[in-house]
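Below: work05.cif (mmCIF, C-alpha atoms and all ligand atoms)
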data_work
#
loop_
_atom_site.label_atom_id
_atom_site.label_comp_id
_atom_site.auth_asym_id
_atom_site.auth_seq_id
_atom_site.Cartn_x
_atom_site.Cartn_y
_atom_site.Cartn_z
CA MET A 147 86.70 100.62 131.74
CA ARG A 148 88.08 97.18 131.16
CA ILE A 149 90.58 96.26 128.52
CA ARG A 150 91.09 92.68 127.48
CA VAL A 151 93.78 91.64 125.04
CA LEU A 152 92.02 89.15 122.78
CA GLY A 153 94.99 88.50 120.56
CA SER A 154 98.57 89.67 120.99
CA ALA A 155 100.30 88.31 117.87
CA ALA A 156 100.88 90.09 114.58
CA GLY A 157 99.33 88.79 111.37
CA GLY A 158 99.84 85.05 111.05
CA GLY A 159 99.56 84.39 114.78
CA PHE A 160 101.96 82.38 116.93
CA PRO A 161 102.82 79.78 115.82
CA GLN A 162 102.29 80.74 112.19
CA TRP A 163 101.09 77.89 109.95
CA ASN A 164 103.93 78.05 107.41
CA CYS A 165 106.78 78.83 109.82
CA ALA A 166 109.34 76.69 111.59
CA CYS A 167 111.49 79.52 112.94
CA PRO A 168 113.06 78.86 116.37
CA ASN A 169 110.11 80.50 118.17
CA CYS A 170 107.37 78.70 116.21
CA SER A 171 109.17 75.38 116.61
CA ALA A 172 109.61 75.89 120.35
CA VAL A 173 105.99 76.85 121.01
CA ARG A 174 104.78 73.86 118.98
CA ALA A 175 107.05 71.62 121.05
CA GLY A 176 105.37 72.95 124.20
CA SER A 177 108.34 74.91 125.59
CA SER A 178 107.40 76.60 128.87
CA ARG A 179 109.25 79.73 127.67
CA PHE A 180 106.58 80.47 125.05
CA SER A 181 102.79 81.00 124.96
CA PRO A 182 100.76 80.61 121.78
CA ARG A 183 99.06 83.81 120.66
CA THR A 184 96.18 84.68 118.35
CA GLN A 185 96.10 87.69 116.04
CA ASP A 186 95.92 91.29 117.17
CA SER A 187 92.72 92.53 118.76
CA ILE A 188 91.71 94.29 121.97
CA ALA A 189 88.28 94.48 123.59
CA VAL A 190 87.20 97.53 125.60
CA GLY A 191 84.32 97.06 128.02
CA SER A 192 82.29 98.83 130.70
CA ASP A 193 81.16 97.57 134.09
CA GLU A 194 77.64 97.41 132.62
CA GLY A 195 78.83 94.74 130.21
CA SER A 196 79.03 96.59 126.89
CA TRP A 197 82.07 95.93 124.74
CA VAL A 198 83.68 97.13 121.51
CA LEU A 199 86.37 95.25 119.65
CA LEU A 200 89.39 97.16 118.44
CA ASN A 201 90.02 95.21 115.22
CA ALA A 202 88.38 91.97 114.19
CA SER A 203 91.07 89.36 113.69
CA PRO A 204 90.62 86.13 111.74
CA ASP A 205 90.70 84.45 115.18
CA VAL A 206 87.75 86.44 116.54
CA LEU A 207 85.39 83.48 117.05
CA HIS A 208 87.97 81.63 119.11
CA GLN A 209 88.77 84.82 121.03
CA ILE A 210 85.10 85.34 121.94
CA GLU A 211 84.78 81.75 123.14
CA ARG A 212 87.72 82.30 125.47
CA ALA A 213 86.21 85.50 126.94
CA PRO A 214 82.96 84.83 128.83
CA ALA A 215 82.23 88.57 129.09
CA LEU A 216 81.96 88.76 125.29
CA GLN A 217 79.48 85.92 124.96
CA PRO A 218 75.69 86.35 124.57
CA ARG A 219 73.53 85.97 127.68
CA GLU A 220 70.23 85.14 125.98
CA GLY A 221 68.92 84.54 122.49
CA ARG A 222 71.23 86.23 120.03
CA LYS A 223 71.97 89.35 122.05
CA THR A 224 75.68 89.96 121.93
CA PRO A 225 77.34 92.33 124.41
CA ILE A 226 79.61 93.41 121.53
CA ARG A 227 78.27 96.82 120.62
CA GLY A 228 80.67 97.64 117.83
CA ILE A 229 83.89 96.97 116.00
CA VAL A 230 86.59 99.57 115.42
CA LEU A 231 89.12 99.10 112.63
CA THR A 232 92.55 100.71 112.84
CA ASN A 233 93.51 99.83 109.26
CA GLY A 234 92.47 97.65 106.34
CA ASP A 235 95.01 94.86 106.84
CA LEU A 236 93.42 91.44 106.66
CA ASP A 237 94.70 90.42 110.10
CA HIS A 238 92.54 93.26 111.49
CA CYS A 239 89.47 92.95 109.25
CA LEU A 240 88.89 89.35 108.21
CA GLY A 241 87.10 88.66 111.49
CA LEU A 242 84.24 90.88 110.30
CA LEU A 243 83.33 88.16 107.82
CA MET A 244 83.32 85.62 110.67
CA LEU A 245 80.69 87.77 112.45
CA ARG A 246 78.21 87.52 109.57
CA GLU A 247 75.36 85.66 111.30
CA SER A 248 72.74 88.37 110.79
CA THR A 249 73.36 90.32 113.98
CA PRO A 250 73.37 94.07 113.35
CA LEU A 251 76.88 95.45 113.74
CA VAL A 252 78.20 98.96 114.22
CA LEU A 253 81.45 99.49 112.38
CA TYR A 254 83.80 102.38 113.19
CA ALA A 255 86.53 103.08 110.65
CA THR A 256 87.95 105.91 108.63
CA LYS A 257 86.27 106.40 105.26
CA THR A 258 89.48 105.30 103.55
CA VAL A 259 89.55 101.98 105.39
CA TYR A 260 85.83 101.41 104.88
CA GLN A 261 85.94 102.15 101.15
CA GLY A 262 88.99 99.94 100.69
CA LEU A 263 87.10 97.03 102.22
CA TRP A 264 83.57 97.49 100.96
CA GLU A 265 83.97 99.01 97.54
CA GLN A 266 86.56 96.59 96.21
CA ASN A 267 85.35 93.38 97.73
CA VAL A 268 82.28 91.41 96.86
CA PHE A 269 82.68 89.16 99.94
CA PHE A 270 81.53 92.00 102.17
CA ARG A 271 78.05 91.76 100.68
CA THR A 272 77.59 88.95 103.21
CA LEU A 273 77.33 91.79 105.75
CA GLU A 274 74.51 93.41 103.77
CA ARG A 275 71.91 90.71 104.39
CA PHE A 276 69.28 93.24 105.45
CA GLN A 277 69.02 96.99 105.68
CA GLY A 278 71.01 98.18 108.65
CA HIS A 279 73.02 94.95 108.99
CA VAL A 280 76.17 97.03 109.32
CA ARG A 281 75.89 100.62 110.43
CA PHE A 282 79.04 102.46 109.39
CA VAL A 283 80.21 105.28 111.66
CA PRO A 284 83.02 107.24 110.00
CA LEU A 285 86.02 108.04 112.16
CA GLU A 286 87.76 111.34 111.54
CA ILE A 287 91.24 112.04 112.77
CA GLY A 288 91.05 114.20 115.84
CA SER A 289 87.30 113.74 116.45
CA ARG A 290 85.84 111.82 119.37
CA VAL A 291 83.04 109.31 118.90
CA SER A 292 81.12 107.88 121.81
CA VAL A 293 80.85 104.08 121.74
CA PHE A 294 78.94 103.31 124.99
CA ASP A 295 78.54 104.13 128.69
CA GLY A 296 80.79 107.21 128.72
CA VAL A 297 83.55 105.57 126.69
CA SER A 298 84.75 107.33 123.53
CA ILE A 299 87.36 106.71 120.88
CA GLU A 300 89.43 109.22 118.95
CA PRO A 301 91.68 108.22 116.06
CA PHE A 302 95.05 109.80 115.37
CA ALA A 303 97.13 109.28 112.24
CA LEU A 304 100.02 106.86 112.35
CA ALA A 305 102.56 106.55 109.59
CA GLY A 306 101.65 103.43 107.72
CA LYS A 307 100.87 101.90 104.37
CA VAL A 308 97.87 100.94 102.30
CA PRO A 309 96.94 97.31 102.91
CA LYS A 310 98.92 94.84 100.81
CA HIS A 311 95.89 93.86 98.74
CA LEU A 312 95.28 97.53 97.78
CA GLU A 313 98.86 98.35 96.75
CA GLY A 314 98.74 99.98 93.32
CA ARG A 315 94.97 100.43 93.59
CA ALA A 316 94.65 103.11 96.26
CA ALA A 317 96.67 106.23 96.99
CA ALA A 318 98.25 106.51 100.43
CA SER A 319 96.23 108.50 102.96
CA PRO A 320 96.74 109.60 106.58
CA GLU A 321 93.54 107.64 107.24
CA ASP A 322 95.11 104.32 106.19
CA ASN A 323 96.47 103.53 109.61
CA VAL A 324 95.27 105.09 112.84
CA GLY A 325 95.98 104.75 116.51
CA LEU A 326 93.12 105.11 118.97
CA ILE A 327 92.74 107.14 122.12
CA VAL A 328 90.14 105.40 124.28
CA ARG A 329 88.69 107.58 127.04
CA ASP A 330 86.40 106.70 129.90
CA ASP A 331 84.68 109.91 131.01
CA ARG A 332 83.56 108.35 134.27
CA SER A 333 86.85 106.92 135.56
CA ARG A 334 88.77 109.62 133.64
CA ALA A 335 91.14 106.92 132.41
CA THR A 336 92.67 106.99 128.94
CA ALA A 337 94.32 104.18 127.03
CA VAL A 338 96.16 104.47 123.75
CA TYR A 339 96.26 101.67 121.22
CA ALA A 340 98.85 101.92 118.46
CA GLY A 341 99.15 98.31 117.47
CA ALA A 342 100.81 98.80 114.10
CA ALA A 343 102.88 101.93 113.97
CA ALA A 344 105.82 102.86 111.78
CA MET A 345 106.72 105.93 113.78
CA THR A 346 105.72 107.68 116.92
CA ILE A 347 104.49 110.88 115.24
CA GLY A 348 101.23 111.93 116.86
CA LEU A 349 101.79 109.59 119.73
CA GLU A 350 103.20 112.12 122.16
CA ALA A 351 100.08 114.26 122.06
CA ALA A 352 97.86 111.18 122.20
CA LEU A 353 99.63 109.99 125.33
CA ASN A 354 98.86 113.15 127.27
CA GLY A 355 97.34 111.90 130.52
CA ALA A 356 97.12 108.27 129.34
CA SER A 357 97.39 105.49 131.85
CA ALA A 358 98.09 102.66 129.41
CA LEU A 359 99.78 102.34 126.04
CA PHE A 360 99.50 99.33 123.76
CA PHE A 361 102.23 99.71 121.16
CA ASP A 362 103.47 97.93 118.05
CA GLY A 363 105.77 95.09 119.12
CA THR A 364 105.95 93.40 115.71
CA PHE A 365 109.72 93.17 115.30
CA TRP A 366 112.70 93.40 117.61
CA SER A 367 115.09 94.37 114.80
CA SER A 368 114.81 95.86 111.33
CA ASP A 369 116.40 92.85 109.63
CA GLU A 370 114.75 90.15 111.73
CA LEU A 371 113.16 88.31 108.79
CA ILE A 372 116.26 88.70 106.63
CA ARG A 373 118.61 87.27 109.28
CA LEU A 374 116.35 84.28 109.86
CA GLY A 375 116.23 83.66 106.10
CA LEU A 376 112.44 84.09 106.12
CA GLY A 377 112.00 87.16 103.95
CA THR A 378 113.62 90.12 102.25
CA SER A 379 111.71 93.02 103.82
CA ARG A 380 112.95 95.16 106.66
CA ALA A 381 110.60 96.14 109.48
CA GLU A 382 110.38 99.70 108.15
CA ASP A 383 109.41 98.43 104.68
CA MET A 384 106.33 96.92 106.33
CA ALA A 385 105.57 100.13 108.24
CA HIS A 386 106.74 98.84 111.60
CA LEU A 387 109.15 100.51 114.00
CA PRO A 388 111.44 97.84 115.49
CA ILE A 389 111.71 97.68 119.27
CA GLY A 390 115.50 97.41 119.58
CA GLY A 391 118.34 99.47 118.16
CA GLU A 392 119.17 103.16 118.25
CA GLY A 393 116.02 104.37 116.51
CA GLY A 394 113.79 101.69 118.00
CA SER A 395 110.69 102.19 120.09
CA LEU A 396 112.42 101.23 123.32
CA ALA A 397 114.83 104.14 122.84
CA ALA A 398 112.22 106.51 121.42
CA LEU A 399 109.66 105.92 124.16
CA GLY A 400 112.13 105.21 126.95
CA ALA A 401 111.36 108.36 128.91
CA LEU A 402 107.66 107.61 129.28
CA SER A 403 106.73 107.17 132.89
CA GLY A 404 103.49 106.86 134.80
CA VAL A 405 102.01 104.86 131.92
CA ARG A 406 101.54 101.12 131.73
CA LYS A 407 103.47 100.23 128.57
CA VAL A 408 102.58 97.06 126.73
CA PHE A 409 103.97 95.68 123.48
CA THR A 410 101.39 93.86 121.43
CA HIS A 411 100.95 92.75 117.78
CA VAL A 412 104.15 90.69 118.28
CA ASN A 413 105.43 88.79 115.25
CA ASN A 414 106.21 85.10 115.66
CA THR A 415 109.91 85.75 114.94
CA ASN A 416 110.37 88.34 117.70
CA PRO A 417 112.79 87.20 120.45
CA ILE A 418 110.71 88.99 123.12
CA LEU A 419 108.27 86.06 122.87
CA ASP A 420 110.90 83.96 124.66
CA SER A 421 110.46 84.65 128.38
CA GLU A 422 114.17 84.02 128.99
CA SER A 423 115.71 85.91 126.08
CA PRO A 424 118.01 88.91 126.63
CA GLU A 425 115.61 90.96 124.49
CA ARG A 426 112.69 90.16 126.83
CA GLY A 427 114.95 91.13 129.71
CA ALA A 428 115.77 94.46 128.07
CA VAL A 429 112.09 95.21 127.46
CA GLU A 430 111.14 94.41 131.05
CA ARG A 431 114.02 96.39 132.53
CA ALA A 432 112.76 99.39 130.56
CA GLY A 433 109.37 98.98 132.24
CA TRP A 434 107.49 97.37 129.34
CA GLU A 435 105.25 94.31 129.40
CA VAL A 436 104.67 91.89 126.56
CA ALA A 437 100.96 91.31 125.99
CA THR A 438 99.54 87.82 126.22
CA ASP A 439 96.13 86.64 125.06
CA GLY A 440 93.61 87.10 127.85
CA MET A 441 95.56 89.84 129.65
CA GLU A 442 93.16 92.28 131.35
CA LEU A 443 93.51 95.82 132.64
CA VAL A 444 90.98 97.79 134.65
CA LEU A 445 91.44 101.53 134.18
ZN ZN B 501 98.60 93.59 111.76
ZN ZN B 502 107.87 81.55 113.10
#

Could I get this file's structure written as C-alpha cells?
Amino acid sequence: MRIRVLGSAAGGGFPQWNCACPNCSAVRAGSSRFSPRTQDSIAVGSDEGSWVLLNASPDVLHQIERAPALQPREGRKTPIRGIVLTNGDLDHCLGLLMLRESTPLVLYATKTVYQGLWEQNVFFRTLERFQGHVRFVPLEIGSRVSVFDGVSIEPFALAGKVPKHLEGRAAASPEDNVGLIVRDDRSRATAVYAGAAAMTIGLEAALNGASALFFDGTFWSSDELIRLGLGTSRAEDMAHLPIGGEGGSLAALGALSGVRKVFTHVNNTNPILDSESPERGAVERAGWEVATDGMELVL
C-alpha cells in the first residue's frame, strides 16, 4: 500500500491565520528552515489506484490538487473510495463539506463521531442530496473493516475529548477519538495512525508488527502556548501528549525499533518545525521523522 501525507499540521495549519509566533512569522518570511503545512490528513492507496482519506481536513481540495493520484481520470469518477474519521474535531471533518458535489461517498467513523456530526448539524444535510449520497459504515473498536484491494482498517481507542463544539452536549466516550491500524493483506504491511493522542494506551498492542507509526506531534512541551503568551491551556488539557519532557512521547516510545516513526499533526508553535532547532535534533537522534505535506511511504 501507499501512504501519502496530505497535511501534516494540527488544526489551524502552518502558518495559522491569526498567529505571528516565531514559527509562523518565519515561514511567512520564507525562511528556508520552515515548510508551510496544511491540516492533518493521510491518504492510503493501492497499486490499483484506489484511495481512502484518513480524515477530511478543511484543506482537502487543495490537498487533492497537489496529489495527482487522488484526482479523477474521467468524468466525475474519483479514485477516493472513502473517508475515515478519527474524531469529530473540525480540523478532521470540515473537509467533508468541501466534498459535497454530489459524488457518492463512503464514510467510516464510530457511531459517536457520526452522531455528533450529523445529528447536531444542519449543514451536513448538504451531503444528503440524494439517497445513498453518503453511505455510513460504523467503525467499532477492535473490529476490522475492509476498505479496498486487501486493505483494512481497525480502530483502537485513544484517550481524548469530545470535540470542542460538543462540550457540554455529549458525554465522553471511548469512541470519541480513535487511532487506526491500517493493514495490507497482500504486502502484509501494517501502519498505525494516531494523529491526535493524549496517551499511548492501546498503542502498544496496535503496534504489534507495524512497519510505520504516524503519531501526534502537536506540541513539544505541555506549556508551549502559555510560554509564548498565546493561550492558557496545557497540551494535556487539549488531549495531546507533548513530545518532550519526562512523560513525553519521545521518552514513552523511545524503545520502539524496527518501525518508521513519524510525528504528524504538528502545531504551528512546535519548535520541531524548525529544521535547525535543538528539539528537531533531539527528535531525529531518537529515530523520528517530522512529516511534511506530500511525504510518501510504500509499505
Ligand atoms: Zn486535530
Ligand atoms: Zn504560530

Task: 10 Å shell around ligand ZN 502 (chain B) using only C-alpha atoms and all ligand atoms, listed as a count of residues only - done: 23

Using all atoms listed in the file, what table do you get, as CSV, when you list each residue of chain A with an atom no more than 9 Å from ligand ZN 501 (chain B), its nearest pair of atoms, and their distance in Å rounded to one decimal, rows by chain then rising number?
residue,atom,partner,partner_atom,distance
A:Ala155,CA,B:ZN501,ZN,8.3
A:Ala156,CA,B:ZN501,ZN,5.0
A:Gly157,CA,B:ZN501,ZN,4.9
A:Gly158,CA,B:ZN501,ZN,8.7
A:Gln185,CA,B:ZN501,ZN,7.7
A:Asp186,CA,B:ZN501,ZN,6.5
A:Ser203,CA,B:ZN501,ZN,8.8
A:Asn233,CA,B:ZN501,ZN,8.4
A:Asp235,CA,B:ZN501,ZN,6.2
A:Leu236,CA,B:ZN501,ZN,7.6
A:Asp237,CA,B:ZN501,ZN,5.3
A:His238,CA,B:ZN501,ZN,6.1
A:Gly341,CA,B:ZN501,ZN,7.4
A:Ala342,CA,B:ZN501,ZN,6.1
A:Thr364,CA,B:ZN501,ZN,8.3
A:His411,CA,B:ZN501,ZN,6.5

Hey, can you spit out that residue selection with C-alpha atoms as a tab-separated table (two decimals), in the coordinates of the input?
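For reference, part_32.tsv as written:
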chain	number	residue	atom	x	y	z
A	155	ALA	CA	100.30	88.31	117.87
A	156	ALA	CA	100.88	90.09	114.58
A	157	GLY	CA	99.33	88.79	111.37
A	158	GLY	CA	99.84	85.05	111.05
A	185	GLN	CA	96.10	87.69	116.04
A	186	ASP	CA	95.92	91.29	117.17
A	203	SER	CA	91.07	89.36	113.69
A	233	ASN	CA	93.51	99.83	109.26
A	235	ASP	CA	95.01	94.86	106.84
A	236	LEU	CA	93.42	91.44	106.66
A	237	ASP	CA	94.70	90.42	110.10
A	238	HIS	CA	92.54	93.26	111.49
A	341	GLY	CA	99.15	98.31	117.47
A	342	ALA	CA	100.81	98.80	114.10
A	364	THR	CA	105.95	93.40	115.71
A	411	HIS	CA	100.95	92.75	117.78

Task: CA of Ile327 in chain A to CA of Ile299 in chain A, straight-line distance in Å - done: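 Straight-line distance from CA of Ile299 in chain A to CA of Ile327 in chain A works out to 5.5 Å.
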
Name the residues in contact with Gly153 in chain A at a cut-off of 7 Å, using all atoms listed in the file, excluding same-chain residues fewer than 6 positions from it; report them as a PDB file with C-alpha atoms, in the frame of the given file.
ATOM      1  CA  ARG A 183      99.060  83.810 120.660  1.00  0.00           C
ATOM      2  CA  THR A 184      96.180  84.680 118.350  1.00  0.00           C
ATOM      3  CA  GLN A 185      96.100  87.690 116.040  1.00  0.00           C
ATOM      4  CA  ASP A 186      95.920  91.290 117.170  1.00  0.00           C
ATOM      5  CA  SER A 187      92.720  92.530 118.760  1.00  0.00           C
ATOM      6  CA  ILE A 188      91.710  94.290 121.970  1.00  0.00           C
ATOM      7  CA  ASP A 439      96.130  86.640 125.060  1.00  0.00           C
TER       8      ASP A 439
END

Sorted per-residue table, range 162-262 of chain A near range 277-281 of chain A, closest atoms and distance, 9 Å, all atoms listed in the file, as CSV:
residue,atom,partner,partner_atom,distance
A:Ser248,CA,A:His279,CA,6.8
A:Thr249,CA,A:His279,CA,6.8
A:Pro250,CA,A:His279,CA,4.5
A:Leu251,CA,A:Val280,CA,4.7
A:Val252,CA,A:Arg281,CA,4.7
A:Leu253,CA,A:Arg281,CA,6.0
A:Tyr254,CA,A:Arg281,CA,8.6

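Closest to Glu274 in chain A among A:Pro320, A:Ala255, A:Pro218, A:Leu242 is A:Leu242, based on all atoms listed in the file.
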
- [ ] Mind giving me the straight-line distance from CA of Asp420 in chain A to CA of Ala437 in chain A in Å, one decimal?
- [x]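 A separation of 12.4 Å between them.
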
TODO: Quick one: pull the distance between CA of Ala398 in chain A and CA of Val444 in chain A, Å, one decimal.
DONE: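 Rounded to one decimal, the two atoms are 26.5 Å apart.
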